[in-house]
file input-v6.txt (compact mmCIF, C-alpha atoms)
# COMPACT_ATOMS: atom_id res chain seq x y z
CA MET A 1 0.00 0.00 0.00
CA ASN A 2 2.83 2.38 0.92
CA ARG A 3 4.54 1.49 -2.32
CA LEU A 4 1.39 2.37 -4.27
CA LYS A 5 1.15 5.73 -2.50
CA LYS A 6 4.77 6.51 -3.27
CA LEU A 7 4.25 5.63 -6.93
CA LEU A 8 1.16 7.84 -7.12
CA LEU A 9 3.04 10.71 -5.49
CA LEU A 10 5.90 10.31 -7.99
CA VAL A 11 3.47 10.40 -10.92
CA MET A 12 1.85 13.58 -9.56
CA ILE A 13 5.24 15.25 -9.19
CA LEU A 14 6.18 14.34 -12.74
CA LEU A 15 2.87 15.71 -14.07
CA THR A 16 3.56 19.12 -12.56
CA ALA A 17 6.36 19.53 -15.12
CA PHE A 18 3.71 19.66 -17.84
CA THR A 19 1.49 22.19 -16.01
CA SER A 20 4.09 24.81 -15.30
CA GLY A 21 2.27 27.63 -17.17
CA CYS A 22 1.70 29.12 -20.61
CA TRP A 23 4.81 29.26 -22.76
CA ASP A 24 3.46 32.12 -24.87
CA LYS A 25 1.92 34.26 -22.13
CA GLN A 26 1.88 38.03 -22.54
CA GLU A 27 1.72 40.49 -19.67
CA LEU A 28 -0.92 43.24 -19.93
CA ASN A 29 1.66 46.00 -19.63
CA GLY A 30 3.57 44.50 -22.53
CA ILE A 31 0.85 44.38 -25.16
CA ALA A 32 -0.91 46.98 -27.33
CA LEU A 33 -4.59 46.19 -27.91
CA VAL A 34 -5.44 46.65 -31.60
CA SER A 35 -9.14 47.45 -32.09
CA ALA A 36 -9.26 47.97 -35.86
CA ILE A 37 -7.06 47.54 -38.95
CA GLY A 38 -7.20 49.50 -42.18
CA VAL A 39 -5.69 48.41 -45.49
CA ASP A 40 -4.99 50.90 -48.30
CA LYS A 41 -3.12 51.01 -51.58
CA SER A 42 0.13 52.88 -51.00
CA GLU A 43 1.67 55.44 -53.36
CA LYS A 44 4.10 52.77 -54.57
CA GLY A 45 1.24 50.41 -55.41
CA ASN A 46 1.74 47.94 -52.56
CA LEU A 47 -0.18 47.77 -49.27
CA MET A 48 -0.39 50.32 -46.47
CA GLY A 49 -1.71 49.23 -43.08
CA SER A 50 -3.18 51.34 -40.27
CA TYR A 51 -3.46 49.86 -36.78
CA GLN A 52 -5.80 51.51 -34.28
CA ILE A 53 -4.40 50.92 -30.78
CA ILE A 54 -6.48 51.50 -27.65
CA ASN A 55 -5.00 53.65 -24.90
CA PRO A 56 -6.88 52.22 -21.86
CA SER A 57 -6.06 55.07 -19.49
CA ASN A 58 -7.24 57.71 -21.97
CA VAL A 59 -10.44 55.80 -22.76
CA ALA A 60 -11.26 55.51 -19.07
CA GLY A 61 -10.41 59.15 -18.46
CA ALA A 62 -12.52 60.31 -21.38
CA LEU A 63 -15.52 58.30 -20.21
CA GLN A 64 -15.23 59.67 -16.66
CA GLY A 65 -14.49 63.23 -17.72
CA GLY A 66 -11.06 63.19 -16.09
CA GLY A 67 -7.89 64.95 -17.12
CA ASN A 68 -6.81 62.16 -19.43
CA GLY A 69 -9.94 62.75 -21.48
CA GLU A 70 -8.12 65.58 -23.26
CA LYS A 71 -5.81 63.03 -24.88
CA PRO A 72 -6.88 60.77 -27.77
CA PRO A 73 -8.30 57.43 -26.61
CA VAL A 74 -6.52 55.68 -29.49
CA ALA A 75 -3.20 55.85 -31.28
CA VAL A 76 -2.55 54.79 -34.88
CA LEU A 77 0.51 53.05 -36.27
CA THR A 78 1.03 52.88 -40.04
CA SER A 79 3.22 50.62 -42.14
CA THR A 80 3.79 49.58 -45.75
CA GLY A 81 4.66 46.26 -47.30
CA ASN A 82 4.01 43.78 -50.08
CA ASN A 83 1.80 41.57 -47.91
CA VAL A 84 -0.03 41.57 -44.59
CA LEU A 85 2.82 39.84 -42.74
CA GLU A 86 5.17 42.67 -43.72
CA LEU A 87 2.58 45.19 -42.55
CA ASP A 88 2.39 43.49 -39.15
CA ARG A 89 6.14 43.24 -38.73
CA THR A 90 6.82 46.83 -39.80
CA ALA A 91 4.11 48.18 -37.51
CA SER A 92 5.42 46.06 -34.62
CA SER A 93 8.89 47.56 -35.06
CA LYS A 94 7.37 51.01 -34.42
CA SER A 95 5.75 50.00 -31.15
CA SER A 96 7.32 49.40 -27.74
CA ARG A 97 4.65 46.79 -27.08
CA TYR A 98 3.52 43.59 -28.77
CA LEU A 99 0.62 44.25 -31.18
CA TYR A 100 -2.22 42.09 -29.86
CA LEU A 101 -4.69 41.47 -32.71
CA ARG A 102 -7.14 39.14 -30.99
CA HIS A 103 -9.30 42.05 -29.88
CA ALA A 104 -9.42 43.59 -33.37
CA ASN A 105 -13.01 43.32 -34.54
CA LEU A 106 -12.96 45.58 -37.59
CA LEU A 107 -11.17 45.41 -40.94
CA VAL A 108 -11.48 48.51 -43.15
CA ILE A 109 -10.54 48.25 -46.85
CA SER A 110 -10.23 51.33 -49.04
CA GLU A 111 -12.43 51.67 -52.12
CA GLU A 112 -9.36 52.31 -54.28
CA LEU A 113 -7.70 49.06 -53.20
CA ALA A 114 -10.90 47.05 -53.57
CA LYS A 115 -11.39 48.34 -57.13
CA ASP A 116 -7.80 48.24 -58.42
CA LYS A 117 -6.19 45.22 -56.79
CA GLY A 118 -9.17 43.41 -55.29
CA ILE A 119 -9.39 41.78 -51.87
CA ILE A 120 -8.58 38.14 -52.53
CA SER A 121 -4.78 38.44 -52.41
CA PHE A 122 -4.50 39.78 -48.86
CA LEU A 123 -7.57 38.25 -47.14
CA ASP A 124 -5.82 34.88 -46.89
CA ALA A 125 -3.47 36.27 -44.24
CA PHE A 126 -6.37 37.38 -42.02
CA ASP A 127 -8.25 34.12 -42.57
CA ARG A 128 -5.15 32.01 -41.84
CA SER A 129 -3.99 33.93 -38.78
CA THR A 130 -4.65 32.48 -35.32
CA ASN A 131 -4.47 36.00 -33.91
CA PHE A 132 -7.26 37.58 -35.99
CA ARG A 133 -10.93 36.88 -35.41
CA SER A 134 -12.94 35.34 -38.24
CA THR A 135 -15.97 37.15 -36.79
CA SER A 136 -14.38 40.58 -37.29
CA ARG A 137 -16.51 42.95 -39.38
CA VAL A 138 -15.32 44.00 -42.83
CA VAL A 139 -16.28 47.36 -44.39
CA ILE A 140 -15.25 49.42 -47.42
CA ALA A 141 -14.08 53.02 -46.90
CA ARG A 142 -16.07 54.80 -49.60
CA ASP A 143 -14.60 57.87 -51.31
CA LEU A 144 -11.69 58.00 -48.87
CA LYS A 145 -8.81 55.96 -47.51
CA ALA A 146 -9.19 53.26 -44.87
CA ALA A 147 -6.65 55.20 -42.78
CA ASP A 148 -9.08 58.14 -42.63
CA ILE A 149 -11.65 55.93 -40.90
CA ILE A 150 -9.07 54.39 -38.55
CA GLU A 151 -7.64 57.78 -37.57
CA THR A 152 -10.94 59.64 -37.14
CA LEU A 153 -12.11 60.26 -33.58
CA ALA A 154 -15.76 59.74 -32.60
CA SER A 155 -17.63 61.72 -29.95
CA VAL A 156 -19.95 59.23 -28.21
CA ASP A 157 -18.06 55.97 -28.77
CA LYS A 158 -14.52 56.89 -27.80
CA VAL A 159 -13.03 54.11 -29.92
CA SER A 160 -14.07 54.87 -33.51
CA GLY A 161 -13.70 51.21 -34.51
CA GLU A 162 -16.60 50.36 -32.19
CA LYS A 163 -18.55 53.29 -33.60
CA VAL A 164 -18.20 51.89 -37.14
CA ILE A 165 -19.40 48.42 -36.09
CA LYS A 166 -22.47 49.80 -34.30
CA THR A 167 -23.21 52.12 -37.24
CA MET A 168 -23.17 49.23 -39.72
CA GLN A 169 -25.39 47.09 -37.49
CA ALA A 170 -27.91 49.92 -37.17
CA ALA A 171 -27.84 50.54 -40.94
CA GLU A 172 -28.70 46.87 -41.51
CA GLU A 173 -31.18 46.23 -38.71
CA GLU A 174 -32.99 49.58 -38.45
CA LEU A 175 -32.68 51.15 -41.91
CA GLY A 176 -32.04 48.28 -44.33
CA VAL A 177 -29.67 50.42 -46.42
CA SER A 178 -26.39 48.57 -45.77
CA ILE A 179 -25.09 45.24 -44.57
CA SER A 180 -22.81 44.11 -41.75
CA VAL A 181 -20.53 41.30 -42.97
CA ASN A 182 -17.86 39.41 -41.06
CA LEU A 183 -14.67 37.89 -42.46
CA GLN A 184 -15.98 34.33 -42.34
CA GLU A 185 -19.14 35.19 -44.31
CA LEU A 186 -17.13 37.21 -46.83
CA ILE A 187 -14.70 34.40 -47.63
CA LYS A 188 -17.54 31.87 -47.86
CA ASN A 189 -19.23 34.03 -50.51
CA LEU A 190 -15.94 34.67 -52.32
CA VAL A 191 -15.29 30.97 -52.90
CA SER A 192 -18.91 30.15 -53.82
CA GLU A 193 -19.57 29.45 -57.51
CA GLY A 194 -23.18 30.57 -57.25
CA ARG A 195 -22.80 33.84 -55.37
CA GLU A 196 -20.76 37.03 -55.41
CA PRO A 197 -20.04 38.88 -52.15
CA ILE A 198 -21.29 42.27 -50.99
CA ILE A 199 -19.73 44.52 -48.34
CA GLY A 200 -21.18 47.54 -46.56
CA GLY A 201 -19.67 50.98 -47.18
CA ILE A 202 -18.60 53.52 -44.57
CA THR A 203 -17.70 57.16 -45.07
CA ILE A 204 -17.37 60.43 -43.17
CA LYS A 205 -20.06 63.10 -43.50
CA GLN A 206 -17.51 65.93 -43.59
CA LYS A 207 -14.31 64.90 -45.35
CA GLY A 208 -12.92 68.39 -45.93
CA ASP A 209 -10.50 68.80 -43.03
CA LYS A 210 -9.13 65.31 -42.47
CA GLU A 211 -6.36 66.47 -40.15
CA LYS A 212 -8.89 68.18 -37.87
CA ASN A 213 -10.93 64.96 -37.71
CA LYS A 214 -7.94 63.27 -36.05
CA LYS A 215 -7.75 65.74 -33.15
CA MET A 216 -9.67 65.76 -29.88
CA ASP A 217 -11.17 69.18 -30.74
CA VAL A 218 -13.54 67.52 -33.20
CA THR A 219 -15.27 65.58 -30.38
CA ALA A 220 -15.99 68.78 -28.47
CA SER A 221 -18.59 69.89 -31.04
CA THR A 222 -22.20 68.76 -30.60
CA LEU A 223 -22.47 68.27 -34.37
CA ASN A 224 -19.19 66.37 -34.89
CA LEU A 225 -19.51 66.00 -38.65
CA ALA A 226 -16.47 63.71 -38.62
CA ASN A 227 -18.58 60.82 -37.34
CA PRO A 228 -18.45 57.77 -39.65
CA ILE A 229 -21.77 56.98 -41.37
CA SER A 230 -22.92 54.03 -43.46
CA SER A 231 -22.82 54.50 -47.22
CA GLY A 232 -24.50 51.87 -49.36
CA ILE A 233 -23.58 48.32 -50.33
CA GLY A 234 -20.56 47.45 -52.47
CA ILE A 235 -21.03 44.82 -55.20
CA PHE A 236 -18.03 42.57 -55.90
CA LYS A 237 -17.18 40.45 -58.91
CA ASN A 238 -14.18 38.13 -59.05
CA GLY A 239 -12.89 39.68 -55.84
CA LYS A 240 -13.03 43.30 -57.07
CA LEU A 241 -15.45 46.12 -56.24
CA VAL A 242 -17.49 46.92 -59.36
CA ASP A 243 -20.47 49.00 -58.23
CA TRP A 244 -22.53 50.43 -55.36
CA VAL A 245 -26.24 50.24 -54.53
CA ASP A 246 -27.80 52.90 -52.34
CA GLY A 247 -31.17 53.87 -50.91
CA ASP A 248 -34.14 51.91 -52.26
CA LYS A 249 -31.92 49.60 -54.32
CA ALA A 250 -29.98 48.71 -51.18
CA LYS A 251 -33.27 48.01 -49.40
CA GLY A 252 -34.34 45.82 -52.32
CA THR A 253 -31.15 43.81 -51.94
CA MET A 254 -31.77 43.36 -48.22
CA TRP A 255 -35.37 42.22 -48.80
CA VAL A 256 -34.18 39.37 -51.04
CA LEU A 257 -31.38 38.41 -48.65
CA LYS A 258 -33.85 38.21 -45.73
CA LYS A 259 -31.84 40.80 -43.80
CA ILE A 260 -34.62 43.30 -43.15
CA LYS A 261 -35.60 43.60 -39.48
CA THR A 262 -37.22 47.02 -39.34
CA VAL A 263 -37.44 49.46 -42.20
CA ASN A 264 -39.44 52.59 -43.01
CA LEU A 265 -41.43 52.97 -46.23
CA ASN A 266 -43.07 56.16 -47.53
CA ILE A 267 -45.84 56.22 -50.11
CA ASP A 268 -47.57 59.05 -51.94
CA TRP A 269 -51.26 59.66 -51.48
CA GLU A 270 -53.20 61.62 -54.06
CA ASN A 271 -51.12 64.78 -54.64
CA GLU A 272 -49.09 64.57 -51.45
CA LYS A 273 -45.58 63.12 -51.72
CA ASP A 274 -44.49 60.73 -48.93
CA ALA A 275 -47.86 61.28 -47.29
CA ILE A 276 -47.96 58.00 -45.36
CA SER A 277 -45.08 56.46 -43.40
CA TYR A 278 -45.08 52.75 -42.65
CA GLN A 279 -42.64 50.82 -40.50
CA ALA A 280 -42.16 47.13 -41.26
CA VAL A 281 -41.43 45.24 -38.04
CA ARG A 282 -41.45 41.69 -39.38
CA GLN A 283 -40.73 40.16 -42.75
CA LYS A 284 -40.58 36.72 -44.28
CA THR A 285 -38.90 36.10 -47.62
CA LYS A 286 -39.02 32.83 -49.51
CA VAL A 287 -36.89 32.21 -52.60
CA LYS A 288 -37.71 29.17 -54.69
CA MET A 289 -36.53 27.79 -58.03
CA LYS A 290 -38.45 25.90 -60.68
CA MET A 291 -37.27 24.60 -64.03
CA LYS A 292 -39.29 25.99 -66.95
CA ASN A 293 -38.59 24.75 -70.47
CA GLY A 294 -35.18 23.52 -69.32
CA LYS A 295 -34.29 26.90 -67.78
CA PRO A 296 -34.38 27.95 -64.14
CA LYS A 297 -36.90 30.52 -62.95
CA MET A 298 -36.71 32.16 -59.52
CA PHE A 299 -39.77 32.96 -57.43
CA ILE A 300 -39.44 35.49 -54.62
CA LYS A 301 -42.28 35.94 -52.16
CA VAL A 302 -42.06 38.63 -49.49
CA GLN A 303 -44.51 39.07 -46.64
CA ALA A 304 -44.16 42.21 -44.53
CA GLU A 305 -46.00 43.21 -41.38
CA GLY A 306 -45.89 46.62 -39.80
CA ASP A 307 -47.55 49.74 -38.48
CA ILE A 308 -48.63 53.09 -39.85
CA ARG A 309 -46.43 55.64 -38.11
CA GLU A 310 -47.36 58.93 -39.77
CA VAL A 311 -50.22 60.29 -41.88
CA ARG A 312 -49.94 63.76 -43.42
CA VAL A 313 -53.24 63.85 -45.32
CA PRO A 314 -56.91 63.73 -44.24
CA LEU A 315 -57.51 59.99 -44.12
CA ASP A 316 -59.66 57.60 -42.08
CA VAL A 317 -57.51 54.53 -41.45
CA THR A 318 -60.44 52.66 -39.88
CA GLU A 319 -61.94 52.07 -43.31
CA THR A 320 -61.08 48.64 -44.68
CA GLN A 321 -60.91 49.84 -48.28
CA VAL A 322 -58.45 52.58 -47.33
CA LEU A 323 -56.19 50.10 -45.52
CA MET A 324 -56.31 47.69 -48.46
CA LYS A 325 -55.34 50.48 -50.83
CA ILE A 326 -52.41 51.49 -48.59
CA GLU A 327 -51.25 47.86 -48.38
CA LYS A 328 -51.37 47.57 -52.17
CA LYS A 329 -49.27 50.71 -52.58
CA LEU A 330 -46.75 49.46 -50.00
CA SER A 331 -46.48 46.10 -51.77
CA GLY A 332 -45.86 47.90 -55.03
CA GLU A 333 -43.10 49.99 -53.45
CA ILE A 334 -41.31 46.93 -52.02
CA LYS A 335 -41.64 45.07 -55.34
CA LYS A 336 -40.16 48.07 -57.14
CA GLN A 337 -37.18 48.13 -54.76
CA ILE A 338 -36.52 44.42 -55.29
CA ASN A 339 -36.78 44.59 -59.08
CA GLU A 340 -34.42 47.59 -59.20
CA ALA A 341 -31.87 45.75 -57.04
CA ILE A 342 -32.03 42.66 -59.25
CA ALA A 343 -31.62 44.83 -62.37
CA VAL A 344 -28.42 46.40 -60.98
CA ALA A 345 -26.99 42.97 -60.12
CA LYS A 346 -27.77 41.73 -63.63
CA GLU A 347 -26.11 44.79 -65.19
CA ASN A 348 -22.94 43.98 -63.25
CA LYS A 349 -23.27 40.25 -64.02
CA ALA A 350 -22.87 39.48 -60.34
CA ASP A 351 -25.29 37.14 -58.57
CA ILE A 352 -25.18 38.78 -55.13
CA PHE A 353 -28.40 37.03 -54.06
CA GLY A 354 -27.09 33.47 -54.21
CA PHE A 355 -29.58 32.30 -56.82
CA GLY A 356 -26.88 29.99 -58.16
CA ASP A 357 -26.50 28.35 -54.77
CA ILE A 358 -30.26 27.75 -54.63
CA ILE A 359 -30.21 26.11 -58.06
CA TYR A 360 -27.33 23.87 -56.96
CA GLN A 361 -29.24 22.80 -53.83
CA ARG A 362 -32.50 22.10 -55.69
CA ASP A 363 -31.17 20.64 -58.95
CA PRO A 364 -27.42 19.76 -58.94
CA LYS A 365 -27.56 18.35 -62.48
CA ALA A 366 -28.99 21.57 -63.87
CA TRP A 367 -26.36 23.56 -62.01
CA GLU A 368 -23.55 21.53 -63.56
CA LYS A 369 -24.70 22.76 -66.97
CA LEU A 370 -25.11 26.38 -65.85
CA LYS A 371 -22.18 27.06 -63.54
CA GLY A 372 -19.55 27.53 -66.28
CA ASP A 373 -21.02 30.83 -67.46
CA TRP A 374 -23.53 31.51 -64.68
CA HIS A 375 -22.56 35.09 -63.86
CA GLU A 376 -21.79 36.11 -67.43
CA VAL A 377 -24.69 34.55 -69.35
CA ALA A 378 -27.28 32.62 -67.34
CA PHE A 379 -27.78 35.03 -64.44
CA PRO A 380 -28.31 38.19 -66.55
CA ALA A 381 -30.96 36.28 -68.54
CA LEU A 382 -32.58 34.69 -65.47
CA GLU A 383 -36.33 35.17 -65.15
CA VAL A 384 -37.36 36.32 -61.68
CA ASP A 385 -40.95 36.56 -60.45
CA VAL A 386 -41.52 38.83 -57.42
CA GLU A 387 -44.63 38.68 -55.25
CA VAL A 388 -45.13 40.96 -52.23
CA GLU A 389 -47.83 40.95 -49.56
CA THR A 390 -47.95 43.77 -47.02
CA PHE A 391 -50.07 43.78 -43.88
CA ILE A 392 -50.96 46.70 -41.62
CA ARG A 393 -51.25 45.42 -38.07
CA ARG A 394 -51.61 48.69 -36.18
CA THR A 395 -52.48 52.28 -37.04
CA GLY A 396 -51.34 53.97 -33.83
CA LEU A 397 -53.40 55.82 -31.23
CA ARG A 398 -55.39 57.84 -33.78
CA ASN A 399 -57.93 56.70 -36.34
CA LYS A 400 -58.07 60.03 -38.14
CA PRO A 401 -55.07 62.36 -38.22
CA PHE A 402 -55.72 65.67 -36.47
CA ILE A 403 -55.03 67.36 -39.80
CA SER A 404 -58.50 66.16 -40.88
CA GLU A 405 -60.18 68.20 -38.14
CA PHE A 406 -57.92 71.16 -38.86
CA LYS A 407 -58.83 71.21 -42.56
CA ASP A 408 -62.51 70.70 -41.79
CA GLU A 409 -62.49 73.81 -39.63
CA LYS A 410 -60.79 75.77 -42.41
call {"tool": "encode", "arguments": {"input": "input-v6.txt", "output": "structure tokens"}}
result
Amino acid sequence: MNRLKKLLLLVMILLTAFTSGCWDKQELNGIALVSAIGVDKSEKGNLMGSYQIINPSNVAGALQGGGNGEKPPVAVLTSTGNNVLELDRTASSKSSRYLYLRHANLLVISEELAKDKGIISFLDAFDRSTNFRSTSRVVIARDLKAADIIETLASVDKVSGEKVIKTMQAAEEELGVSISVNLQELIKNLVSEGREPIIGGITIKQKGDKEKNKKMDVTASTLNLANPISSGIGIFKNGKLVDWVDGDKAKGTMWVLKKIKTVNLNIDWENEKDAISYQAVRQKTKVKMKMKNGKPKMFIKVQAEGDIREVRVPLDVTETQVLMKIEKKLSGEIKKQINEAIAVAKENKADIFGFGDIIYQRDPKAWEKLKGDWHEVAFPALEVDVEVETFIRRTGLRNKPFISEFKDEK
């Protein structure tokens, strides 16, 4: 028994040699937390990287209104190189601390780089890296450099990288005019034969004085026109940015992709423009494929439910016929948005809706015949039938707008 205890004790002592700690540990005071990365095309034609580094003491001071709040909550390191690894190494040589990328949740790509060189060549490094999150959001800096977004200071969200992420989420979920895409989703769409990727755009409302946007003074203004704002959806083809969709066409894209959560729609009534405002709060989109005379045909059915939020004309919304007429107009508006979005995609010969993937899932044999020239020939000629049903669930606290009583008195 004693011998068994001694043997067990010896084994336990030997095991401690394998639990001595982490070989690659990093102390907090020895790392620099990177919150966002920007990639541009440099003047020499290679890559330029911008690394947004959080200054914890300045962020805390700014949030509490302390003395450190006068200093920028982030610092930016820039580097150039022929690939992402060179960017990382060059930027690291400029920092006294180890660049810690595992907290980076935003990748900003300039419009110039996305158009001229494309995104395929350098995304592999981010996808392959064990230090970069595959769930990090990817956006396109529209009409400006990625560095301008990384270096701009925001007023409410002290770290502008977080501001961009929240802005893109709001643009998708509350407005339906842009899309929030992560790295994993982007690469999945890039390698798909039956789909081309899309990426949301980000810009700055006031781009005039870029140097001023990088200083703390800009956050002292209540207007702060340097705040990043969403700017449409970028269409990609073969890894390169080819076009943008904005406004109603962007909404049409989001309807087909089943990304709409809440969105506002305005319709005209008689001679009044945008007389009735409707907010969709739920939507259900079904996309089906049927073979017709040996060719695929897509059927899109959208059902939207929502509330009337504003009426600017004398109208009794308790009347069934009136509500039916409003629903018909709303359905027509949504159908128009979808058809316009599909038309833009066909013009660019880029199936951003994944119709090709649906054909592959439903009829693999038919897809084998179509996939060779899907984007160039079959998709632009694809017949698409769109059906929309809109339902008004609530009309608010008023049956008649007070404007009816006002005009009656007049």
call {"tool": "atom_distance", "arguments": {"input": "input-v6.txt", "atom1": "atom CA of A:Gln283", "atom2": "atom CA of A:Thr390"}}
result
9.1 Å
call {"tool": "atom_distance", "arguments": {"input": "input-v6.txt", "atom1": "atom CA of A:Lys205", "atom2": "atom CA of A:Gly232"}}
result
13.4 Å
call {"tool": "residues_around", "arguments": {"input": "input-v6.txt", "residues": "stretch 165-177 of chain A", "least_positions_apart": "4", "cutoff": "6 Å", "atoms": "all atoms listed in the file", "output": "list in words"}}
result
Gly247, Ala250, Lys251, Ile260, Lys261, Thr262 and Val263 of chain A
call {"tool": "write_last_selection", "arguments": {"input": "input-v6.txt", "atoms": "C-alpha atoms", "output": "PDB file, in the frame of the given file"}}
result
ATOM      1  CA  GLY A 247     -31.170  53.870 -50.910  1.00  0.00           C
ATOM      2  CA  ALA A 250     -29.980  48.710 -51.180  1.00  0.00           C
ATOM      3  CA  LYS A 251     -33.270  48.010 -49.400  1.00  0.00           C
ATOM      4  CA  ILE A 260     -34.620  43.300 -43.150  1.00  0.00           C
ATOM      5  CA  LYS A 261     -35.600  43.600 -39.480  1.00  0.00           C
ATOM      6  CA  THR A 262     -37.220  47.020 -39.340  1.00  0.00           C
ATOM      7  CA  VAL A 263     -37.440  49.460 -42.200  1.00  0.00           C
TER       8      VAL A 263
END
call {"tool": "closest_residue", "arguments": {"input": "input-v6.txt", "among": "A:Ile199, A:Val159, A:Leu10, A:Leu370", "to": "A:Ser230", "atoms": "all atoms listed in the file"}}
result
A:Ile199
call {"tool": "residues_around", "arguments": {"input": "input-v6.txt", "residues": "A:Ser35", "least_positions_apart": "3", "cutoff": "10 Å", "atoms": "all atoms listed in the file", "output": "tab-separated table (two decimals) with C-alpha atoms, keeping the file's coordinate frame"}}
result
chain	number	residue	atom	x	y	z
A	32	ALA	CA	-0.91	46.98	-27.33
A	51	TYR	CA	-3.46	49.86	-36.78
A	52	GLN	CA	-5.80	51.51	-34.28
A	53	ILE	CA	-4.40	50.92	-30.78
A	54	ILE	CA	-6.48	51.50	-27.65
A	74	VAL	CA	-6.52	55.68	-29.49
A	100	TYR	CA	-2.22	42.09	-29.86
A	101	LEU	CA	-4.69	41.47	-32.71
A	102	ARG	CA	-7.14	39.14	-30.99
A	103	HIS	CA	-9.30	42.05	-29.88
A	104	ALA	CA	-9.42	43.59	-33.37
A	105	ASN	CA	-13.01	43.32	-34.54
A	106	LEU	CA	-12.96	45.58	-37.59
A	107	LEU	CA	-11.17	45.41	-40.94
A	150	ILE	CA	-9.07	54.39	-38.55
A	159	VAL	CA	-13.03	54.11	-29.92
A	160	SER	CA	-14.07	54.87	-33.51
A	161	GLY	CA	-13.70	51.21	-34.51
A	162	GLU	CA	-16.60	50.36	-32.19
call {"tool": "atom_distance", "arguments": {"input": "input-v6.txt", "atom1": "atom CA of A:Asn55", "atom2": "atom CA of A:Phe122"}}
result
27.7 Å
call {"tool": "axis_aligned_box", "arguments": {"input": "input-v6.txt", "around": "stretch 44-49 of chain A", "padding_each_side": "5 Å", "output": "JSON"}}
result
{"center_x": 1.2, "center_y": 50.3, "center_z": -49.2, "size_x": 15.8, "size_y": 15.0, "size_z": 22.3}
call {"tool": "residues_near_point", "arguments": {"input": "input-v6.txt", "point": "(-12.3, 48.6, -49.0)", "cutoff": "10 Å", "atoms": "only C-alpha atoms", "output": "CSV table (one decimal) with C-alpha atoms, keeping the file's coordinate frame"}}
result
chain,number,residue,atom,x,y,z
A,38,GLY,CA,-7.2,49.5,-42.2
A,39,VAL,CA,-5.7,48.4,-45.5
A,40,ASP,CA,-5.0,50.9,-48.3
A,41,LYS,CA,-3.1,51.0,-51.6
A,107,LEU,CA,-11.2,45.4,-40.9
A,108,VAL,CA,-11.5,48.5,-43.2
A,109,ILE,CA,-10.5,48.2,-46.8
A,110,SER,CA,-10.2,51.3,-49.0
A,111,GLU,CA,-12.4,51.7,-52.1
A,112,GLU,CA,-9.4,52.3,-54.3
A,113,LEU,CA,-7.7,49.1,-53.2
A,114,ALA,CA,-10.9,47.0,-53.6
A,115,LYS,CA,-11.4,48.3,-57.1
A,118,GLY,CA,-9.2,43.4,-55.3
A,119,ILE,CA,-9.4,41.8,-51.9
A,138,VAL,CA,-15.3,44.0,-42.8
A,139,VAL,CA,-16.3,47.4,-44.4
A,140,ILE,CA,-15.2,49.4,-47.4
A,141,ALA,CA,-14.1,53.0,-46.9
A,142,ARG,CA,-16.1,54.8,-49.6
A,143,ASP,CA,-14.6,57.9,-51.3
A,144,LEU,CA,-11.7,58.0,-48.9
A,145,LYS,CA,-8.8,56.0,-47.5
A,146,ALA,CA,-9.2,53.3,-44.9
A,199,ILE,CA,-19.7,44.5,-48.3
A,200,GLY,CA,-21.2,47.5,-46.6
A,201,GLY,CA,-19.7,51.0,-47.2
A,202,ILE,CA,-18.6,53.5,-44.6
A,234,GLY,CA,-20.6,47.4,-52.5
A,240,LYS,CA,-13.0,43.3,-57.1
A,241,LEU,CA,-15.4,46.1,-56.2
call {"tool": "closest_residue", "arguments": {"input": "input-v6.txt", "among": "A:His375, A:Lys328, A:Lys237, A:Lys288", "to": "A:Arg362", "atoms": "all atoms listed in the file"}}
result
A:Lys288
call {"tool": "residues_around", "arguments": {"input": "input-v6.txt", "residues": "A:Tyr278", "least_positions_apart": "4", "cutoff": "10 Å", "atoms": "only C-alpha atoms", "output": "number ranges by chain"}}
result
A: 263-267, 305-311, 326-327, 330, 392, 395
call {"tool": "residues_around", "arguments": {"input": "input-v6.txt", "residues": "A:Met291", "least_positions_apart": "2", "cutoff": "10 Å", "atoms": "only C-alpha atoms", "output": "PDB file with C-alpha atoms, in the frame of the given file"}}
result
ATOM      1  CA  MET A 289     -36.530  27.790 -58.030  1.00  0.00           C
ATOM      2  CA  ASN A 293     -38.590  24.750 -70.470  1.00  0.00           C
ATOM      3  CA  GLY A 294     -35.180  23.520 -69.320  1.00  0.00           C
ATOM      4  CA  LYS A 295     -34.290  26.900 -67.780  1.00  0.00           C
ATOM      5  CA  PRO A 296     -34.380  27.950 -64.140  1.00  0.00           C
ATOM      6  CA  LYS A 297     -36.900  30.520 -62.950  1.00  0.00           C
ATOM      7  CA  MET A 298     -36.710  32.160 -59.520  1.00  0.00           C
ATOM      8  CA  ILE A 359     -30.210  26.110 -58.060  1.00  0.00           C
ATOM      9  CA  ARG A 362     -32.500  22.100 -55.690  1.00  0.00           C
ATOM     10  CA  ASP A 363     -31.170  20.640 -58.950  1.00  0.00           C
ATOM     11  CA  ALA A 366     -28.990  21.570 -63.870  1.00  0.00           C
TER      12      ALA A 366
END
call {"tool": "closest_residue", "arguments": {"input": "input-v6.txt", "among": "A:Thr320, A:Ser79, A:Leu8, A:Gly194", "to": "A:Gly372", "atoms": "only C-alpha atoms"}}
result
A:Gly194
